[in-house]
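J.: The structure follows.
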Amino acid sequence: MGCGSSTQNEPPPRANERGRKTVASTRASPQASRHASPQTQSLAPPMNRAKKYEKAEIEFELLQPPSGHAPSARKMHSGVAVQDHSLVVFGGVSRTEAYDATDSLEASLNLNKVSICQQTFRVSVQPPNVAKWHKVQVGGSDVPKARATHRAVNIQGSMYVFGSHNKSCSDVFVYNIVFGTWRRLKVSGKKPRPVSGCSLTKAPGVLVVFGGEGDHGVSNELYLFHLDSNHWTRVSPKGPLLDGARTQSEAMKKLLPRRDHSAFVTGDKLLVYGGVGLGSGA
């Protein structure tokens, strides 16, 4: 599957289960959220229920009942927060029939037990905690193909999307959240090889891409995408972890390759946690 436009039919949404309230203890050990892996993670049934996070009380609350055109239950999708108390959801994996939870994504796709989604949805939350889904009518000539295990971030009202489950696309797509239009950016520089399960984080003036898995295996490559020029730059990391290496190739081996990890930019640092590396947790 390439990077261009395509049409993908999705199964109808499943009925929501009865809502429950879950309270997270502040004494619990912190856990980093991970994206599901198409190679090693099982396909447990996805969910299509919206949740609200109360920071002051460390409490998760199911918003019931959501109205509007809800998407089918899914996983491995992307979601970006918008300033008007809404969330934009794109892509992901949706179940088409009962399947063995131990099946990999590749096996399930071959058996037509799941479908990869292409549509874009938006859920808004208004007082008093009422959620409403909207199926977005998108425009533009560069609507990306259906995909999962990609990454997305919101940059000043535009959703930047990179990566794909089929590891065949390294293009950058931008969705204008206000006007509902897609476009594929014309880029320069040495762009990353196609990967799935990388991290995509925003820093002042740039997007940071690290890791992921492609046809070349699990990666530890680090790239910067400059937002003002749409230019890619590959970065050669330095620091105490890499000290003592005689060559750049030897230094990169110390920076463990990984996918499905978490990453966050704070100040001038990229913090990376967890993920799956070469044969073990990273």
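Just so we're on the same page: first chain in the structure tokens is A, next is B, and so on; residues restart at 1 for each chain, and ligands are numbered from 1 in the order they show up.
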Select from range 110-215 of chain A every residue with an atom at most 7 Å from any atom of range 255-269 of chain A, then for each give the shortest pair of atoms and their distance in Å to one decimal, using only C-alpha atoms, rows by chain and rising number, as CSV.
T.:
```
residue,atom,partner,partner_atom,distance
A:Gly197,CA,A:Asp260,CA,4.8
A:Cys198,CA,A:Arg259,CA,5.5
A:Ser199,CA,A:Ala263,CA,6.2
A:Thr201,CA,A:Phe264,CA,6.3
A:Lys202,CA,A:Val265,CA,6.9
A:Ala203,CA,A:Val265,CA,6.3
A:Gly211,CA,A:Arg258,CA,5.5
A:Gly212,CA,A:Arg259,CA,4.2
A:Glu213,CA,A:Arg259,CA,6.1
```
J.: As an MDAnalysis selection string, please: all residues of range 155-278 of chain A that backbone DSSP puts in helix (DSSP H, G or I).
T.: chainID A and resid 240:242 248:254
J.: Go ahead and save the residues from that selection, with C-alpha atoms, as a short mmCIF file (atom, residue, chain, number, x, y, z; two decimals), in the first residue's frame.
T.:
```cif
data_model
loop_
_atom_site.label_atom_id
_atom_site.label_comp_id
_atom_site.auth_asym_id
_atom_site.auth_seq_id
_atom_site.Cartn_x
_atom_site.Cartn_y
_atom_site.Cartn_z
CA PRO A 240 27.57 10.23 28.38
CA LEU A 241 25.62 7.19 27.22
CA LEU A 242 27.58 7.18 23.98
CA GLN A 248 29.42 6.65 15.14
CA SER A 249 28.15 3.19 14.23
CA GLU A 250 29.36 1.82 17.57
CA ALA A 251 27.81 4.77 19.41
CA MET A 252 24.43 4.19 17.79
CA LYS A 253 24.44 0.57 18.96
CA LYS A 254 24.44 1.84 22.55
#
```
J.: Excluding Thr149 in chain A and residues on its chain fewer than 6 positions from it, collect all residues at most 10 Å away from it, counting only C-alpha atoms, and give them as an mmCIF file with C-alpha atoms, in the first residue's frame.
T.:
```cif
data_model
loop_
_atom_site.group_PDB
_atom_site.id
_atom_site.type_symbol
_atom_site.label_atom_id
_atom_site.label_comp_id
_atom_site.auth_asym_id
_atom_site.auth_seq_id
_atom_site.Cartn_x
_atom_site.Cartn_y
_atom_site.Cartn_z
ATOM 1 C CA HIS A 35 0.835 2.201 21.327
ATOM 2 C CA ALA A 36 -0.073 -1.328 20.345
ATOM 3 C CA SER A 37 2.488 -3.150 18.231
ATOM 4 C CA PRO A 38 1.451 -4.776 14.949
ATOM 5 C CA LYS A 75 -7.053 0.874 18.377
ATOM 6 C CA MET A 76 -3.643 1.926 17.006
ATOM 7 C CA HIS A 77 -5.238 5.223 15.908
ATOM 8 C CA SER A 78 -4.073 8.777 16.570
ATOM 9 C CA GLY A 91 -7.127 6.035 11.322
ATOM 10 C CA GLY A 92 -6.617 2.932 13.429
ATOM 11 C CA VAL A 93 -7.620 -0.720 13.394
ATOM 12 C CA PHE A 162 3.744 10.665 10.074
ATOM 13 C CA GLY A 163 4.249 6.892 9.811
ATOM 14 C CA SER A 164 2.078 3.961 8.792
ATOM 15 C CA HIS A 165 1.432 0.343 9.739
ATOM 16 C CA ASN A 166 2.539 -0.966 6.340
ATOM 17 C CA LYS A 167 5.958 0.729 6.612
ATOM 18 C CA VAL A 195 8.476 3.179 9.881
ATOM 19 C CA SER A 196 5.591 2.259 12.138
ATOM 20 C CA GLY A 197 5.475 2.717 15.891
ATOM 21 C CA CYS A 198 7.952 5.609 16.057
ATOM 22 C CA GLY A 212 10.048 2.804 15.018
ATOM 23 C CA ASP A 260 5.988 1.650 20.500
#
```
J.: In terms of the shortest atom-to-atom distance over only C-alpha atoms, which of A:Arg147, A:His231, A:Lys186, A:His134 is closest to Arg74 in chain A?
T.: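 The closest residue to Arg74 in chain A is A:Arg147.
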J.: Any idea what the distance is between CA of Thr120 in chain A and CA of Phe225 in chain A?
T.: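 Going from CA of Thr120 in chain A over to CA of Phe225 in chain A, I get 24.0 Å.
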J.: Please, what distance in Å, to one decimal, runs between CA of Val208 in chain A and CA of Asn230 in chain A?
T.: 12.7 Å
